[in-house]
Amino acid sequence: MDAVNEKILVLDFGGQYNQLIARRVRDNNVYAEIKPYTVSLDEIKSENYKGIIFTGGPNSVYDMSSPHYDKEILNLGIPVLGICYGCQLICWMRDGKVETSDTREYGKIDMTVDKKDSVLFKNVPDSIVWMSHTDKIVEVPEGFEVTAHSEHCPVAAMENVKENIYAVQFHPEVTHCEYGDKILYNFIFNICKCSGNWKMEGFIENTVKALRDKIGGKKVVLGLSGGVDSSVAAALLSKAVGNQLTCVFVDQGLMRKDEGDFVEETFTKLFDMNFVRVNCADEFISKLKGVIDPEDKRKIIGTEFYNVFWNKIREEADGGFFAQGTIYPDCIESGKGDADKIKTHHNKVKMPDDIKFDDVIEPLADLFKDEVRKVGELLGIPKELVWRQPFPGPGLGVRIIGEITPEKIRILQEADAVFRDEIKKSGIENELSQFFAVLTDVKTVGVMGDHRTYDNLIAIRAVTTDDFMTADFARIPYDILARVSNRIINECDGVNRVVYDITSKPPGTVEWA
Ligand code: XMP
């Protein structure tokens, strides 16, 4: 939607760091987009790219099931940088020699720069790089020269200056590569000659203009969850078309303490829009009555949410557009051989067939999460929302074990609020990826004053993780845990014991249900 005047293509051959490559390029204020290796050469030619980066990928270029590409791509006159498998692919395309070695070179490796005046290595001394390969180049193609090596890798980098083709066996995009950012900078600015003018301020300006052009005088409806993506989409649309925008916010009563009110206050006070809040806690509670099985609860919450949300949208829909907070990782086609399949993701909502809009608008579909947050901050969304930790769709429904009742929701909301408050005060909030309280289905005996108590057990959970696929339980200092425990028991009626969850993922999941 944003009109981009210079961009770099990240051609995806199925490696694991491909999104990281695009993000690193974008850190330099140059737009990068990822396309699977199945994209046609004609499409590449039509896009006017300033540079192309071949990513890593499966092991051997001689294995014909590995992804390859039309060799013509090297003759387009567009600068190319090959990384890892991409480096070997360039070698193979130009009839150099790649060999499988006996040992895999993996991890931090010392690299020696052989060509000190290589433009790619400007301001890059002999240094540590990150390697992960088994095959290696043993003979560079005609017209290429070796520019760096390591102990076990005779060609850690090579280049053909005349044709603007560069290749590195290592991964400059990962943080373990000491001068990786310099190498990418050199490629982007000194080789591709980009100017670096893609900034979030410009993105907002261009997107607002594009949204106004597209929407005209029509209406837009957006489902607002209070999560980062939909909140930023709402703020952006509000800036573009003000009260032509209606946000539908479903409060199913399973949010954290005061969260529904906070979301409503933020969007009604700070942004021009129609804000429709659907309060349906009672309906949800009655549907969940007597339900114990976690999967059944998830299904009921999901179905009920779908019905309530779309019924409201049906009421609000009046032609015009439906908007959603889809972000770039939800849309990227992978280069792992399933290029025609776009990952299904909760941000991509399936609309009932009877609801018709002119079109769907996804104003954040080109942005990574960190960029979405930057846009949110620039648009004046409070930090609490922009930096909000992930919160599951079924809300506290997956954090109450056993039957869900209003009383249990109250207890959990209070305990969770105390925990979050203490973490915030202790200054370790940014070190944790996610932290919350769980209401177990256990009661234990305790003593308060002279009285014996028999009350609820609260578990607290905090994890650190990069991607939520695996997670480590956070090593929160004991004195912080002690304060949390004291305050929860003193301030939350109905709780007399607190435990800390010391399970990592796997074997545990982050959520308890
Ligand atoms: P698990 O429990 O699977 O959680 O280890 C991994 C991450 O996903 C979040 N999560 C959900 N998010 N809908 C969501 O939008 C869900 O049903 C859901 N279940 C888990 C969880 O909070 C964690 O961040």
# chains A, B, ... in the order shown; residues from 1 in each chain; ligands from 1
>>> residues_near_ligand(ligand="ligand 1", cutoff="7 Å", atoms="only C-alpha atoms and all ligand atoms", output="mmCIF file with all heavy atoms, in the first residue's frame")
data_model
loop_
_atom_site.group_PDB
_atom_site.id
_atom_site.type_symbol
_atom_site.label_atom_id
_atom_site.label_comp_id
_atom_site.auth_asym_id
_atom_site.auth_seq_id
_atom_site.Cartn_x
_atom_site.Cartn_y
_atom_site.Cartn_z
ATOM 1 N N HIS A 346 -3.802 -16.505 12.772
ATOM 2 C CA HIS A 346 -4.998 -15.937 13.392
ATOM 3 C C HIS A 346 -5.288 -14.513 12.966
ATOM 4 O O HIS A 346 -6.379 -14.022 13.114
ATOM 5 C CB HIS A 346 -4.933 -16.065 14.926
ATOM 6 C CG HIS A 346 -3.784 -15.334 15.533
ATOM 7 N ND1 HIS A 346 -2.591 -15.942 15.814
ATOM 8 C CD2 HIS A 346 -3.647 -14.052 15.895
ATOM 9 C CE1 HIS A 346 -1.770 -15.047 16.345
ATOM 10 N NE2 HIS A 346 -2.390 -13.904 16.396
ATOM 11 N N PRO A 390 2.230 -10.814 24.348
ATOM 12 C CA PRO A 390 1.188 -11.582 23.670
ATOM 13 C C PRO A 390 0.103 -12.001 24.663
ATOM 14 O O PRO A 390 0.409 -12.319 25.814
ATOM 15 C CB PRO A 390 1.907 -12.814 23.142
ATOM 16 C CG PRO A 390 3.344 -12.640 23.420
ATOM 17 C CD PRO A 390 3.543 -11.455 24.291
ATOM 18 N N PHE A 391 -1.117 -11.970 24.199
ATOM 19 C CA PHE A 391 -2.235 -12.399 25.048
ATOM 20 C C PHE A 391 -3.086 -13.337 24.198
ATOM 21 O O PHE A 391 -3.493 -12.977 23.097
ATOM 22 C CB PHE A 391 -3.038 -11.172 25.498
ATOM 23 C CG PHE A 391 -4.089 -11.492 26.523
ATOM 24 C CD1 PHE A 391 -3.738 -12.040 27.753
ATOM 25 C CD2 PHE A 391 -5.428 -11.248 26.267
ATOM 26 C CE1 PHE A 391 -4.709 -12.332 28.695
ATOM 27 C CE2 PHE A 391 -6.401 -11.539 27.210
ATOM 28 C CZ PHE A 391 -6.043 -12.081 28.424
ATOM 29 N N PRO A 392 -3.333 -14.562 24.667
ATOM 30 C CA PRO A 392 -4.011 -15.535 23.802
ATOM 31 C C PRO A 392 -5.442 -15.115 23.470
ATOM 32 O O PRO A 392 -6.104 -14.484 24.302
ATOM 33 C CB PRO A 392 -4.008 -16.809 24.645
ATOM 34 C CG PRO A 392 -3.815 -16.356 26.050
ATOM 35 C CD PRO A 392 -3.020 -15.095 25.991
ATOM 36 N N GLY A 393 -5.883 -15.473 22.275
ATOM 37 C CA GLY A 393 -7.256 -15.166 21.857
ATOM 38 C C GLY A 393 -8.291 -15.574 22.906
ATOM 39 O O GLY A 393 -9.173 -14.780 23.248
ATOM 40 N N PRO A 394 -8.221 -16.815 23.449
ATOM 41 C CA PRO A 394 -9.238 -17.212 24.430
ATOM 42 C C PRO A 394 -9.050 -16.558 25.798
ATOM 43 O O PRO A 394 -9.785 -16.873 26.741
ATOM 44 C CB PRO A 394 -9.048 -18.738 24.551
ATOM 45 C CG PRO A 394 -8.122 -19.127 23.454
ATOM 46 C CD PRO A 394 -7.336 -17.929 23.082
ATOM 47 N N GLN A 434 6.953 -13.083 28.323
ATOM 48 C CA GLN A 434 5.539 -13.188 28.702
ATOM 49 C C GLN A 434 5.466 -13.559 30.178
ATOM 50 O O GLN A 434 6.265 -14.376 30.643
ATOM 51 C CB GLN A 434 4.867 -14.271 27.845
ATOM 52 C CG GLN A 434 3.371 -14.121 27.740
ATOM 53 C CD GLN A 434 2.753 -15.097 26.740
ATOM 54 O OE1 GLN A 434 3.461 -15.855 26.072
ATOM 55 N NE2 GLN A 434 1.453 -15.063 26.624
ATOM 56 N N PHE A 468 8.591 -18.244 20.846
ATOM 57 C CA PHE A 468 7.490 -18.948 21.503
ATOM 58 C C PHE A 468 7.341 -20.413 21.091
ATOM 59 O O PHE A 468 6.452 -21.109 21.553
ATOM 60 C CB PHE A 468 6.146 -18.204 21.343
ATOM 61 C CG PHE A 468 6.143 -16.888 22.065
ATOM 62 C CD1 PHE A 468 6.498 -15.717 21.416
ATOM 63 C CD2 PHE A 468 5.840 -16.822 23.411
ATOM 64 C CE1 PHE A 468 6.536 -14.504 22.089
ATOM 65 C CE2 PHE A 468 5.872 -15.617 24.104
ATOM 66 C CZ PHE A 468 6.217 -14.457 23.430
ATOM 67 N N MET A 469 8.201 -20.877 20.183
ATOM 68 C CA MET A 469 8.176 -22.295 19.826
ATOM 69 C C MET A 469 8.851 -23.086 20.950
ATOM 70 O O MET A 469 8.445 -24.181 21.298
ATOM 71 C CB MET A 469 8.936 -22.569 18.517
ATOM 72 C CG MET A 469 8.465 -21.760 17.332
ATOM 73 S SD MET A 469 6.789 -22.181 16.890
ATOM 74 C CE MET A 469 7.082 -23.698 16.026
ATOM 75 N N LYS A 505 9.588 -24.874 27.912
ATOM 76 C CA LYS A 505 8.841 -25.433 26.771
ATOM 77 C C LYS A 505 9.820 -25.896 25.719
ATOM 78 O O LYS A 505 10.585 -25.064 25.251
ATOM 79 C CB LYS A 505 7.911 -24.367 26.207
ATOM 80 C CG LYS A 505 7.226 -24.805 24.898
ATOM 81 C CD LYS A 505 6.367 -23.708 24.301
ATOM 82 C CE LYS A 505 5.745 -24.203 23.002
ATOM 83 N NZ LYS A 505 4.881 -23.214 22.378
ATOM 84 N N THR A 509 3.906 -26.275 27.802
ATOM 85 C CA THR A 509 3.570 -25.187 26.884
ATOM 86 C C THR A 509 3.628 -23.914 27.710
ATOM 87 O O THR A 509 3.744 -23.962 28.936
ATOM 88 C CB THR A 509 2.156 -25.374 26.289
ATOM 89 O OG1 THR A 509 1.262 -25.673 27.362
ATOM 90 C CG2 THR A 509 2.134 -26.486 25.269
ATOM 91 N N VAL A 510 3.557 -22.770 27.037
ATOM 92 C CA VAL A 510 3.581 -21.511 27.784
ATOM 93 C C VAL A 510 2.296 -21.399 28.603
ATOM 94 O O VAL A 510 2.323 -21.191 29.815
ATOM 95 C CB VAL A 510 3.727 -20.299 26.827
ATOM 96 C CG1 VAL A 510 3.592 -18.995 27.608
ATOM 97 C CG2 VAL A 510 5.067 -20.347 26.108
ATOM 98 N N GLU A 511 1.170 -21.559 27.936
ATOM 99 C CA GLU A 511 -0.112 -21.508 28.642
ATOM 100 C C GLU A 511 -0.342 -22.844 29.354
ATOM 101 O O GLU A 511 0.204 -23.872 28.949
ATOM 102 C CB GLU A 511 -1.254 -21.243 27.643
ATOM 103 C CG GLU A 511 -1.112 -19.956 26.852
ATOM 104 C CD GLU A 511 -1.260 -18.701 27.705
ATOM 105 O OE1 GLU A 511 -1.708 -18.809 28.862
ATOM 106 O OE2 GLU A 511 -0.912 -17.615 27.206
ATOM 107 N N TRP A 512 -1.215 -22.798 30.344
ATOM 108 C CA TRP A 512 -1.485 -24.024 31.110
ATOM 109 C C TRP A 512 -2.607 -24.869 30.494
ATOM 110 O O TRP A 512 -2.810 -26.008 30.895
ATOM 111 C CB TRP A 512 -1.855 -23.657 32.556
ATOM 112 C CG TRP A 512 -0.651 -23.556 33.451
ATOM 113 C CD1 TRP A 512 0.567 -23.040 33.133
ATOM 114 C CD2 TRP A 512 -0.559 -23.989 34.803
ATOM 115 N NE1 TRP A 512 1.418 -23.110 34.197
ATOM 116 C CE2 TRP A 512 0.741 -23.693 35.247
ATOM 117 C CE3 TRP A 512 -1.450 -24.575 35.703
ATOM 118 C CZ2 TRP A 512 1.181 -23.973 36.527
ATOM 119 C CZ3 TRP A 512 -1.021 -24.859 36.986
ATOM 120 C CH2 TRP A 512 0.292 -24.560 37.386
#
>>> select_by_dssp(residues="stretch 274-423 of chain A", states="strand (DSSP E)", output="PyMOL selection string")
chain A and resi 274-279+321-323+359-361
>>> write_last_selection(atoms="C-alpha atoms", output="short mmCIF file (atom, residue, chain, number, x, y, z; two decimals), in the first residue's frame")
data_model
loop_
_atom_site.label_atom_id
_atom_site.label_comp_id
_atom_site.auth_asym_id
_atom_site.auth_seq_id
_atom_site.Cartn_x
_atom_site.Cartn_y
_atom_site.Cartn_z
CA ASN A 274 -16.71 5.15 16.05
CA PHE A 275 -15.92 2.71 18.81
CA VAL A 276 -18.38 -0.13 19.30
CA ARG A 277 -17.83 -2.23 22.39
CA VAL A 278 -19.74 -5.48 22.62
CA ASN A 279 -19.98 -6.56 26.25
CA PHE A 321 -14.27 -1.90 3.44
CA PHE A 322 -13.26 -4.45 6.05
CA ALA A 323 -9.83 -3.84 7.59
CA ASP A 359 -12.56 -5.08 -0.41
CA VAL A 360 -10.34 -6.05 2.50
CA ILE A 361 -7.71 -3.54 3.61
#
>>> select_by_dssp(residues="stretch 157-198 of chain A", states="helix (DSSP H, G or I)", output="number ranges by chain")
A: 180-191
>>> write_last_selection(atoms="C-alpha atoms", output="PDB file, in the first residue's frame")
ATOM      1  CA  GLY A 180      27.631  -8.503   9.670  1.00  0.00           C
ATOM      2  CA  ASP A 181      25.815  -5.180   9.825  1.00  0.00           C
ATOM      3  CA  LYS A 182      28.788  -3.433   8.132  1.00  0.00           C
ATOM      4  CA  ILE A 183      28.853  -6.063   5.365  1.00  0.00           C
ATOM      5  CA  LEU A 184      25.135  -5.627   4.676  1.00  0.00           C
ATOM      6  CA  TYR A 185      25.547  -1.852   4.862  1.00  0.00           C
ATOM      7  CA  ASN A 186      28.319  -2.026   2.263  1.00  0.00           C
ATOM      8  CA  PHE A 187      26.184  -4.139  -0.039  1.00  0.00           C
ATOM      9  CA  ILE A 188      23.121  -1.905   0.328  1.00  0.00           C
ATOM     10  CA  PHE A 189      24.803   1.483   0.036  1.00  0.00           C
ATOM     11  CA  ASN A 190      28.189   1.046  -1.624  1.00  0.00           C
ATOM     12  CA  ILE A 191      27.225  -1.666  -4.087  1.00  0.00           C
TER      13      ILE A 191
END
>>> residues_around(residues="A:Glu163", least_positions_apart="2", cutoff="10 Å", atoms="only C-alpha atoms", output="list of chain:residue names")
A:Leu74, A:Asn75, A:Leu76, A:Gly77, A:Ile78, A:Pro79, A:Val80, A:Gly143, A:Phe144, A:Glu159, A:Asn160, A:Val161, A:Ile165, A:Tyr166
>>> write_last_selection(atoms="all heavy atoms", output="short mmCIF file (atom, residue, chain, number, x, y, z; two decimals), in the first residue's frame")
data_model
loop_
_atom_site.label_atom_id
_atom_site.label_comp_id
_atom_site.auth_asym_id
_atom_site.auth_seq_id
_atom_site.Cartn_x
_atom_site.Cartn_y
_atom_site.Cartn_z
N LEU A 74 21.66 -13.63 -12.96
CA LEU A 74 22.97 -13.01 -12.71
C LEU A 74 23.36 -12.06 -13.85
O LEU A 74 24.37 -11.36 -13.75
CB LEU A 74 24.05 -14.08 -12.54
CG LEU A 74 23.89 -15.02 -11.32
CD1 LEU A 74 25.06 -16.00 -11.26
CD2 LEU A 74 23.82 -14.23 -10.02
N ASN A 75 22.58 -12.05 -14.93
CA ASN A 75 22.93 -11.19 -16.07
C ASN A 75 22.03 -9.96 -16.18
O ASN A 75 22.03 -9.28 -17.19
CB ASN A 75 22.85 -11.99 -17.38
CG ASN A 75 23.75 -13.20 -17.35
OD1 ASN A 75 24.79 -13.18 -16.67
ND2 ASN A 75 23.38 -14.26 -18.04
N LEU A 76 21.21 -9.71 -15.15
CA LEU A 76 20.26 -8.60 -15.25
C LEU A 76 20.93 -7.25 -14.99
O LEU A 76 20.32 -6.20 -15.19
CB LEU A 76 19.11 -8.77 -14.24
CG LEU A 76 18.22 -10.00 -14.39
CD1 LEU A 76 17.17 -10.03 -13.29
CD2 LEU A 76 17.56 -10.03 -15.76
N GLY A 77 22.16 -7.28 -14.48
CA GLY A 77 22.83 -6.02 -14.16
C GLY A 77 22.43 -5.50 -12.78
O GLY A 77 22.78 -4.40 -12.39
N ILE A 78 21.65 -6.31 -12.04
CA ILE A 78 21.28 -5.92 -10.67
C ILE A 78 22.30 -6.54 -9.72
O ILE A 78 22.59 -7.73 -9.83
CB ILE A 78 19.86 -6.45 -10.30
CG1 ILE A 78 18.82 -5.97 -11.30
CG2 ILE A 78 19.48 -6.04 -8.88
CD1 ILE A 78 17.45 -6.61 -11.13
N PRO A 79 22.87 -5.76 -8.78
CA PRO A 79 23.83 -6.35 -7.85
C PRO A 79 23.22 -7.51 -7.08
O PRO A 79 22.06 -7.46 -6.69
CB PRO A 79 24.15 -5.19 -6.89
CG PRO A 79 23.83 -3.96 -7.65
CD PRO A 79 22.69 -4.31 -8.56
N VAL A 80 24.04 -8.56 -6.89
CA VAL A 80 23.57 -9.75 -6.18
C VAL A 80 24.51 -10.05 -5.02
O VAL A 80 25.73 -9.92 -5.15
CB VAL A 80 23.52 -10.97 -7.13
CG1 VAL A 80 23.20 -12.25 -6.36
CG2 VAL A 80 22.49 -10.77 -8.24
N GLY A 143 36.15 -15.26 -13.54
CA GLY A 143 35.75 -13.86 -13.32
C GLY A 143 35.60 -13.52 -11.85
O GLY A 143 35.40 -12.36 -11.49
N PHE A 144 35.65 -14.53 -10.97
CA PHE A 144 35.51 -14.29 -9.53
C PHE A 144 36.85 -14.36 -8.83
O PHE A 144 37.75 -15.05 -9.29
CB PHE A 144 34.59 -15.35 -8.91
CG PHE A 144 33.12 -15.09 -9.17
CD1 PHE A 144 32.58 -15.33 -10.43
CD2 PHE A 144 32.29 -14.61 -8.16
CE1 PHE A 144 31.23 -15.09 -10.67
CE2 PHE A 144 30.95 -14.38 -8.40
CZ PHE A 144 30.41 -14.62 -9.65
N GLU A 159 33.96 -12.59 -5.04
CA GLU A 159 33.25 -11.51 -5.74
C GLU A 159 33.68 -11.39 -7.19
O GLU A 159 34.76 -11.82 -7.58
CB GLU A 159 33.46 -10.17 -5.03
CG GLU A 159 34.89 -9.67 -5.04
CD GLU A 159 35.08 -8.43 -4.16
OE1 GLU A 159 34.39 -8.33 -3.12
OE2 GLU A 159 35.92 -7.59 -4.51
N ASN A 160 32.75 -10.83 -7.95
CA ASN A 160 33.03 -10.48 -9.34
C ASN A 160 32.62 -9.01 -9.46
O ASN A 160 31.45 -8.68 -9.63
CB ASN A 160 32.19 -11.36 -10.27
CG ASN A 160 32.38 -11.03 -11.73
OD1 ASN A 160 32.69 -9.89 -12.08
ND2 ASN A 160 32.20 -12.02 -12.58
N VAL A 161 33.62 -8.14 -9.27
CA VAL A 161 33.32 -6.71 -9.16
C VAL A 161 32.70 -6.18 -10.45
O VAL A 161 31.76 -5.39 -10.42
CB VAL A 161 34.63 -5.93 -8.84
CG1 VAL A 161 34.37 -4.43 -8.77
CG2 VAL A 161 35.21 -6.42 -7.53
N ILE A 165 28.62 -9.01 -8.55
CA ILE A 165 28.11 -10.23 -7.89
C ILE A 165 29.02 -10.55 -6.71
O ILE A 165 30.23 -10.69 -6.88
CB ILE A 165 28.07 -11.43 -8.86
CG1 ILE A 165 27.24 -11.07 -10.10
CG2 ILE A 165 27.48 -12.66 -8.16
CD1 ILE A 165 27.28 -12.13 -11.19
N TYR A 166 28.41 -10.65 -5.54
CA TYR A 166 29.16 -10.88 -4.30
C TYR A 166 28.57 -12.09 -3.59
O TYR A 166 27.38 -12.38 -3.73
CB TYR A 166 29.07 -9.65 -3.39
CG TYR A 166 29.73 -8.43 -4.00
CD1 TYR A 166 29.08 -7.70 -5.01
CD2 TYR A 166 31.00 -8.04 -3.61
CE1 TYR A 166 29.69 -6.60 -5.60
CE2 TYR A 166 31.62 -6.95 -4.19
CZ TYR A 166 30.97 -6.23 -5.19
OH TYR A 166 31.58 -5.16 -5.77
#
>>> residues_around(residues="stretch 452-463 of chain A", least_positions_apart="4", cutoff="10 Å", atoms="only C-alpha atoms", output="MDAnalysis selection string")
chainID A and resid 399:400 408 411:412 415:416 419 431:448 468 470:476 481 484:485 488:489 493:505 510:512
>>> write_last_selection(atoms="C-alpha atoms", output="short mmCIF file (atom, residue, chain, number, x, y, z; two decimals), in the first residue's frame")
data_model
loop_
_atom_site.label_atom_id
_atom_site.label_comp_id
_atom_site.auth_asym_id
_atom_site.auth_seq_id
_atom_site.Cartn_x
_atom_site.Cartn_y
_atom_site.Cartn_z
CA ARG A 399 -5.50 -19.65 32.47
CA ILE A 400 -8.35 -20.90 34.65
CA LYS A 408 -12.62 -17.31 39.49
CA ILE A 411 -9.49 -13.86 41.59
CA LEU A 412 -7.26 -14.44 38.59
CA ALA A 415 -3.59 -11.91 41.16
CA ASP A 416 -2.41 -11.27 37.60
CA PHE A 419 2.13 -9.86 39.47
CA GLU A 431 13.74 -9.08 30.10
CA LEU A 432 10.62 -11.25 30.08
CA SER A 433 8.79 -12.35 26.94
CA GLN A 434 5.54 -13.19 28.70
CA PHE A 435 4.41 -13.33 32.32
CA PHE A 436 1.04 -13.98 33.89
CA ALA A 437 -0.86 -15.73 36.68
CA VAL A 438 -2.82 -18.97 36.42
CA LEU A 439 -5.69 -20.03 38.67
CA THR A 440 -5.16 -23.70 39.36
CA ASP A 441 -8.02 -25.97 40.28
CA VAL A 442 -6.35 -26.74 43.59
CA LYS A 443 -7.20 -25.59 47.10
CA THR A 444 -4.69 -25.91 49.92
CA VAL A 445 -4.66 -25.44 53.65
CA GLY A 446 -3.01 -22.37 55.13
CA VAL A 447 -2.99 -20.21 58.21
CA MET A 448 -3.83 -16.53 58.42
CA PHE A 468 7.49 -18.95 21.50
CA THR A 470 10.55 -23.04 22.67
CA ALA A 471 10.78 -21.08 25.91
CA ASP A 472 12.76 -21.07 29.11
CA PHE A 473 11.22 -20.31 32.47
CA ALA A 474 12.54 -16.95 33.61
CA ARG A 475 15.03 -16.84 36.48
CA ILE A 476 13.19 -14.15 38.41
CA LEU A 481 9.00 -13.59 43.81
CA VAL A 484 4.67 -11.04 44.48
CA SER A 485 3.65 -13.91 46.73
CA ILE A 488 -1.12 -11.73 46.07
CA ILE A 489 -2.01 -13.45 49.34
CA ASP A 493 -9.35 -12.49 48.52
CA GLY A 494 -9.61 -16.25 48.01
CA VAL A 495 -5.89 -17.04 47.56
CA ASN A 496 -3.68 -18.48 50.31
CA ARG A 497 -0.74 -19.97 48.39
CA VAL A 498 1.43 -19.01 45.39
CA VAL A 499 3.79 -21.25 43.39
CA TYR A 500 6.23 -20.39 40.61
CA ASP A 501 6.14 -22.51 37.44
CA ILE A 502 9.69 -23.74 36.67
CA THR A 503 8.80 -25.71 33.53
CA SER A 504 10.37 -24.80 30.21
CA LYS A 505 8.84 -25.43 26.77
CA VAL A 510 3.58 -21.51 27.78
CA GLU A 511 -0.11 -21.51 28.64
CA TRP A 512 -1.48 -24.02 31.11
#
>>> closest_residue(among="A:Val372, A:Ile381, A:Tyr17, A:Val228", to="A:Thr268", atoms="only C-alpha atoms")
A:Ile381
>>> decode(residues="stretch 238-264 of chain A", atoms="C-alpha atoms", output="short mmCIF file (atom, residue, chain, number, x, y, z; two decimals), in the first residue's frame")
data_model
loop_
_atom_site.label_atom_id
_atom_site.label_comp_id
_atom_site.auth_asym_id
_atom_site.auth_seq_id
_atom_site.Cartn_x
_atom_site.Cartn_y
_atom_site.Cartn_z
CA SER A 238 -8.27 6.81 12.12
CA LYS A 239 -5.57 9.19 10.94
CA ALA A 240 -6.57 8.53 7.34
CA VAL A 241 -10.36 8.65 7.47
CA GLY A 242 -11.38 9.63 11.02
CA ASN A 243 -14.94 8.71 11.86
CA GLN A 244 -15.53 6.87 8.60
CA LEU A 245 -13.85 4.13 10.66
CA THR A 246 -15.83 1.90 13.01
CA CYS A 247 -13.87 -0.36 15.37
CA VAL A 248 -15.66 -3.36 16.82
CA PHE A 249 -14.23 -4.48 20.13
CA VAL A 250 -15.64 -7.66 21.65
CA ASP A 251 -15.19 -7.83 25.42
CA GLN A 252 -15.91 -11.44 26.35
CA GLY A 253 -15.10 -10.85 30.02
CA LEU A 254 -11.91 -12.89 29.80
CA MET A 255 -9.51 -9.98 29.48
CA ARG A 256 -7.01 -8.91 32.10
CA LYS A 257 -8.09 -6.58 34.92
CA ASP A 258 -9.51 -3.27 33.57
CA GLU A 259 -8.18 -4.05 30.09
CA GLY A 260 -11.49 -3.57 28.27
CA ASP A 261 -11.94 -0.12 29.82
CA PHE A 262 -8.35 0.82 29.02
CA VAL A 263 -8.74 -0.12 25.35
CA GLU A 264 -12.03 1.77 25.10
#
